[in-house]
$ cat upload-v9.csv   # CSV, C-alpha atoms
chain,number,residue,atom,x,y,z
M,1347,MET,CA,-15.2,-4.0,5.8
M,1348,GLU,CA,-13.5,-2.8,9.0
M,1349,LYS,CA,-13.5,0.9,9.5
M,1350,VAL,CA,-10.7,2.6,11.4
M,1351,LYS,CA,-9.3,6.1,11.9
M,1352,THR,CA,-5.6,6.0,11.2
M,1353,ASN,CA,-2.9,3.8,9.7
M,1354,ALA,CA,-1.8,2.9,13.2
M,1355,ASP,CA,-5.3,1.7,14.0
M,1356,ALA,CA,-5.3,-0.4,10.8
M,1357,TYR,CA,-1.9,-1.8,11.8
M,1358,ASN,CA,-3.2,-2.9,15.2
M,1359,TYR,CA,-6.3,-4.4,13.6
M,1360,ILE,CA,-4.4,-6.4,11.0
M,1361,LYS,CA,-1.8,-7.5,13.6
M,1362,ARG,CA,-4.7,-9.0,15.6
M,1363,GLN,CA,-6.1,-10.6,12.5
M,1364,CYS,CA,-2.8,-12.2,11.6
M,1365,LEU,CA,-2.2,-13.5,15.1
M,1366,ASN,CA,-5.7,-15.1,14.9
M,1367,GLY,CA,-5.1,-16.3,11.4
M,1368,TYR,CA,-3.3,-19.5,10.3
M,1369,ARG,CA,0.2,-20.7,10.2
M,1370,GLN,CA,1.6,-20.9,6.7
M,1371,ASN,CA,4.9,-22.6,5.8
M,1372,ILE,CA,6.7,-20.7,3.1
M,1373,GLN,CA,7.0,-22.8,-0.1
M,1374,ARG,CA,7.8,-19.9,-2.5
M,1375,GLY,CA,8.9,-16.3,-1.9
M,1376,SER,CA,10.7,-14.6,0.9
M,1377,PHE,CA,12.3,-17.0,3.4
M,1378,GLU,CA,11.4,-20.1,1.4
M,1379,ASN,CA,13.1,-23.3,2.5
M,1380,GLU,CA,14.0,-21.8,5.9
M,1381,SER,CA,12.5,-22.7,9.2
M,1382,ILE,CA,10.6,-19.4,9.3
M,1383,TYR,CA,6.8,-19.5,8.9
M,1384,ARG,CA,4.3,-16.7,8.8
M,1385,MET,CA,1.0,-16.1,10.4
M,1386,GLN,CA,-1.3,-15.4,7.4
M,1387,SER,CA,-4.7,-13.6,7.7
M,1388,TYR,CA,-7.7,-14.2,5.7
M,1389,PRO,CA,-8.5,-11.5,3.0
M,1390,ILE,CA,-8.7,-8.2,4.7
M,1391,ALA,CA,-10.5,-5.0,3.7
M,1392,ILE,CA,-10.2,-1.8,5.8
M,1393,GLU,CA,-11.4,1.8,5.3
M,1394,ILE,CA,-8.9,4.2,6.9
M,1395,THR,CA,-10.9,7.4,7.4
M,1396,GLU,CA,-8.0,9.7,8.4
M,1397,PRO,CA,-5.1,8.5,6.3
M,1398,MET,CA,-3.1,11.7,6.9
M,1399,ASN,CA,-3.3,11.3,10.7
M,1400,PHE,CA,0.2,10.3,11.6
M,1401,LEU,CA,-0.2,10.6,15.4
M,1402,TYR,CA,0.4,7.5,17.5
M,1403,LEU,CA,2.8,5.8,15.1
M,1404,PRO,CA,4.6,2.9,16.9
M,1405,LYS,CA,8.2,3.7,17.8
M,1406,GLU,CA,9.6,1.6,15.0
M,1407,VAL,CA,8.3,4.1,12.4
M,1408,SER,CA,8.6,7.8,12.0
M,1409,LEU,CA,7.1,10.4,9.7
M,1410,GLY,CA,10.6,11.0,8.3
M,1411,MET,CA,11.0,7.3,7.4
M,1412,ILE,CA,7.6,7.3,5.7
M,1413,GLU,CA,8.5,10.5,3.7
M,1414,LYS,CA,11.8,8.9,2.6
M,1415,TYR,CA,10.1,5.7,1.6
M,1416,TYR,CA,7.5,7.7,-0.4
M,1417,ASN,CA,10.1,9.8,-2.2
M,1418,ASP,CA,12.4,6.9,-3.0
M,1419,TYR,CA,10.0,4.0,-3.6
M,1420,ILE,CA,6.6,5.3,-4.3
M,1421,ILE,CA,7.2,8.3,-6.6
M,1422,GLY,CA,11.0,7.9,-7.3
M,1423,ASP,CA,11.9,5.9,-10.4
M,1424,VAL,CA,15.5,4.9,-9.6
M,1425,ILE,CA,16.1,1.2,-9.6
M,1426,ALA,CA,19.2,0.0,-7.7
M,1427,ASP,CA,21.5,-2.6,-9.2
M,1428,ASN,CA,20.1,-5.3,-6.8
M,1429,GLU,CA,16.4,-4.5,-7.7
M,1430,THR,CA,14.3,-5.5,-10.7
M,1431,TYR,CA,11.7,-2.8,-10.1
M,1432,THR,CA,10.4,-0.4,-7.5
M,1433,TYR,CA,6.8,0.6,-7.1
M,1434,GLY,CA,7.9,4.1,-8.2
M,1435,SER,CA,9.4,2.8,-11.4
M,1436,ARG,CA,6.0,1.6,-12.3
M,1437,ILE,CA,3.9,4.3,-10.7
M,1438,ASN,CA,5.9,7.2,-12.0
M,1439,ILE,CA,5.2,6.7,-15.7
M,1440,GLN,CA,1.4,6.7,-15.0
M,1441,LEU,CA,1.2,9.2,-12.2
M,1442,TYR,CA,0.8,12.6,-13.9
M,1443,GLU,CA,-1.7,11.2,-16.4
M,1444,VAL,CA,-3.8,10.1,-13.5
M,1445,PHE,CA,-3.3,13.4,-11.6
M,1446,ASP,CA,-4.4,15.3,-14.8
M,1447,MET,CA,-7.4,13.0,-15.2
M,1448,LEU,CA,-8.4,13.7,-11.6
M,1449,LYS,CA,-7.9,17.5,-12.0
M,1450,ASN,CA,-9.9,17.7,-15.2
M,1451,THR,CA,-12.5,14.9,-14.8
M,1452,PRO,CA,-12.7,13.9,-11.1
M,1453,ASN,CA,-15.9,11.9,-11.7
M,1454,THR,CA,-14.1,9.1,-13.4
M,1455,ASN,CA,-13.4,5.5,-12.6
M,1456,GLN,CA,-10.4,5.4,-14.9
M,1457,ALA,CA,-7.9,7.0,-12.5
M,1458,ALA,CA,-6.1,3.7,-11.9
M,1459,ILE,CA,-2.4,2.7,-11.8
M,1460,SER,CA,-1.3,-0.8,-12.5
M,1461,ILE,CA,1.8,-2.0,-10.6
M,1462,SER,CA,1.8,-5.5,-11.8
M,1463,GLU,CA,2.9,-6.6,-15.3
M,1464,PRO,CA,2.3,-10.0,-17.0
M,1465,ASN,CA,6.0,-10.9,-16.8
M,1466,ASP,CA,6.0,-10.5,-13.0
M,1467,ILE,CA,4.8,-14.1,-12.7
M,1468,PHE,CA,8.4,-15.1,-13.6
M,1469,LEU,CA,10.0,-12.9,-10.9
M,1470,HIS,CA,11.2,-14.6,-7.7
M,1471,ASP,CA,9.7,-11.6,-5.8
M,1472,PRO,CA,6.9,-10.1,-7.8
M,1473,PRO,CA,5.4,-6.8,-6.5
M,1474,CYS,CA,3.2,-7.0,-3.4
M,1475,LEU,CA,1.3,-3.9,-4.3
M,1476,ARG,CA,-0.7,-4.7,-7.4
M,1477,HIS,CA,-3.2,-1.9,-8.0
M,1478,ILE,CA,-3.9,1.7,-7.0
M,1479,GLN,CA,-7.3,3.3,-7.8
M,1480,PHE,CA,-8.5,6.9,-7.1
M,1481,GLY,CA,-12.2,7.6,-6.8
M,1482,PHE,CA,-14.1,10.8,-6.2
M,1483,PHE,CA,-17.2,10.2,-4.0
M,1484,ASN,CA,-18.8,11.8,-1.0
M,1485,ASP,CA,-17.2,15.1,-2.3
M,1486,LYS,CA,-13.7,13.7,-1.5
M,1487,LEU,CA,-10.8,12.0,-3.3
M,1488,ASN,CA,-10.5,8.4,-2.0
M,1489,LEU,CA,-7.8,5.8,-2.7
M,1490,THR,CA,-8.1,2.1,-3.0
M,1491,THR,CA,-5.0,-0.2,-2.9
M,1492,TYR,CA,-4.8,-3.9,-3.5
M,1493,TRP,CA,-1.9,-5.9,-2.1
M,1494,ARG,CA,-1.3,-9.6,-3.0
M,1495,SER,CA,1.0,-9.8,0.1
M,1496,ASN,CA,1.8,-7.4,2.9
M,1497,ASP,CA,4.4,-7.8,5.6
M,1498,ILE,CA,2.6,-6.2,8.6
M,1499,GLY,CA,5.6,-6.3,10.9
M,1500,GLU,CA,8.1,-4.8,8.6
M,1501,GLY,CA,6.3,-2.9,5.8
M,1502,PHE,CA,2.7,-2.0,6.6
M,1503,LEU,CA,3.2,1.4,8.2
M,1504,THR,CA,5.7,2.7,5.7
M,1505,ASN,CA,3.6,1.2,2.8
M,1506,GLN,CA,0.4,2.7,4.0
M,1507,GLY,CA,2.0,6.0,5.0
M,1508,GLY,CA,3.5,6.2,1.5
M,1509,MET,CA,0.0,5.6,0.0
M,1510,SER,CA,-1.4,8.3,2.3
M,1511,LEU,CA,1.2,10.8,0.9
M,1512,LEU,CA,0.3,9.7,-2.6
M,1513,LEU,CA,-3.4,10.5,-1.9
M,1514,ARG,CA,-2.3,13.8,-0.4
M,1515,ASP,CA,-0.4,14.8,-3.5
M,1516,ALA,CA,-3.2,13.7,-5.8
M,1517,ALA,CA,-5.7,15.7,-3.9
M,1518,GLU,CA,-3.5,18.8,-3.8
M,1519,TYR,CA,-2.7,18.6,-7.5
M,1520,SER,CA,-6.4,18.1,-8.5
M,1521,GLY,CA,-7.8,20.6,-5.9
M,1522,LEU,CA,-9.9,18.0,-4.1
M,1523,ASP,CA,-10.4,17.2,-0.5
M,1524,ILE,CA,-8.8,14.0,1.0
M,1525,GLY,CA,-11.1,11.2,1.7
M,1526,SER,CA,-10.5,7.6,2.9
M,1527,HIS,CA,-7.9,5.0,2.0
M,1528,PHE,CA,-9.5,1.6,1.3
M,1529,TYR,CA,-6.9,-1.0,1.9
M,1530,MET,CA,-7.4,-4.6,0.6
M,1531,SER,CA,-5.0,-7.5,1.0
M,1532,SER,CA,-5.4,-11.2,0.3
M,1533,GLY,CA,-2.0,-11.9,1.9
M,1534,ALA,CA,-1.4,-9.9,5.0
M,1535,HIS,CA,1.1,-11.7,7.3
M,1536,ILE,CA,3.5,-11.6,10.2
M,1537,TYR,CA,6.7,-13.6,10.0
M,1538,LYS,CA,7.7,-15.9,12.9
M,1539,TYR,CA,10.7,-13.8,13.9
$ encode --input "upload-v9.csv" --output "structure tokens"
Amino acid sequence: MEKVKTNADAYNYIKRQCLNGYRQNIQRGSFENESIYRMQSYPIAIEITEPMNFLYLPKEVSLGMIEKYYNDYIIGDVIADNETYTYGSRINIQLYEVFDMLKNTPNTNQAAISISEPNDIFLHDPPCLRHIQFGFFNDKLNLTTYWRSNDIGEGFLTNQGGMSLLLRDAAEYSGLDIGSHFYMSSGAHIYKY
């Protein structure tokens, strides 16, 4: 597992991994049947030790963009007419039960939020984020996320920034200190464009 300090460090690490990865023509999913391909990485696991450190973000992303994404798509439960789900529509219904669990019994391995549902297999674009797990160890609240797919160029920094804010809110609610974010992806990629 790679160990880095910030989300920006993780972004730079994964970008290098993708560029050294392998070319994958897209047979199903975003951009299928187009001349676009993606550079796919091998499975990646990273510990981000300072997930709340938002210094050194690339110019394409701002803290304001991350906060809006968090409020609209991570904890917000509004689904637009052109969407079949948002992460928030699935996280929101489980969130306060998990927060209460962490507050009352932090030494649990049951503080988990499932994003995926069995019927997602029939969606043209099933959720990229599949699972969120909180764990209290080393006297801190830590977060593990698993992504089946993650667009590094377009989504990584807002995705991971949003997860950092989720960890912050869980820690504040439960009265625990913030630990690391353990990011795992079996499909991190960068599109040709």
$ closest_residue --input "upload-v9.csv" --among "M:Ile1459, M:Leu1448, M:Met1398, M:Ile1390" --to "Ser1495 of chain M" --atoms "all atoms listed in the file"
M:Ile1390
$ closest_atom_pairs --input "upload-v9.csv" --of "segment 1380-1435 of chain M" --to "segment 1471-1478 of chain M" --cutoff "9 Å" --atoms "all atoms listed in the file" --output "tab-separated table"
residue	atom	partner	partner_atom	distance
M:Tyr1431	CA	M:Pro1473	CA	8.3
M:Thr1432	CA	M:Pro1473	CA	8.2
M:Tyr1433	CA	M:Pro1473	CA	7.6
$ residues_near_point --input "upload-v9.csv" --point "(-0.1, -14.0, -0.6)" --cutoff "8 Å" --atoms "only C-alpha atoms" --output "number ranges by chain"
M: 1494-1496, 1532-1534
$ residues_near_point --input "upload-v9.csv" --point "(-19.1, 8.8, -0.4)" --cutoff "12 Å" --atoms "only C-alpha atoms" --output "ChimeraX atom specification"
/M:1393,1395,1481-1489,1524-1526
$ closest_atom_pairs --input "upload-v9.csv" --of "segment 1398-1481 of chain M" --to "segment 1499-1507 of chain M" --cutoff "9 Å" --atoms "all atoms listed in the file" --output "CSV"
residue,atom,partner,partner_atom,distance
M:Met1398,CA,M:Gly1507,CA,7.9
M:Phe1400,CA,M:Gly1507,CA,8.1
M:Leu1403,CA,M:Leu1503,CA,8.2
M:Pro1404,CA,M:Leu1503,CA,8.9
M:Val1407,CA,M:Leu1503,CA,7.1
M:Ser1408,CA,M:Thr1504,CA,8.6
M:Leu1409,CA,M:Gly1507,CA,8.2
M:Met1411,CA,M:Thr1504,CA,7.2
M:Ile1412,CA,M:Thr1504,CA,5.0
M:Glu1413,CA,M:Gly1507,CA,8.0
M:Tyr1415,CA,M:Thr1504,CA,6.7
M:Tyr1416,CA,M:Gly1507,CA,7.9
M:Ile1420,CA,M:Asn1505,CA,8.7
$ atom_distance --input "upload-v9.csv" --atom1 "atom CA of Asp1497 of chain M" --atom2 "atom CA of Tyr1537 of chain M"
7.6 Å
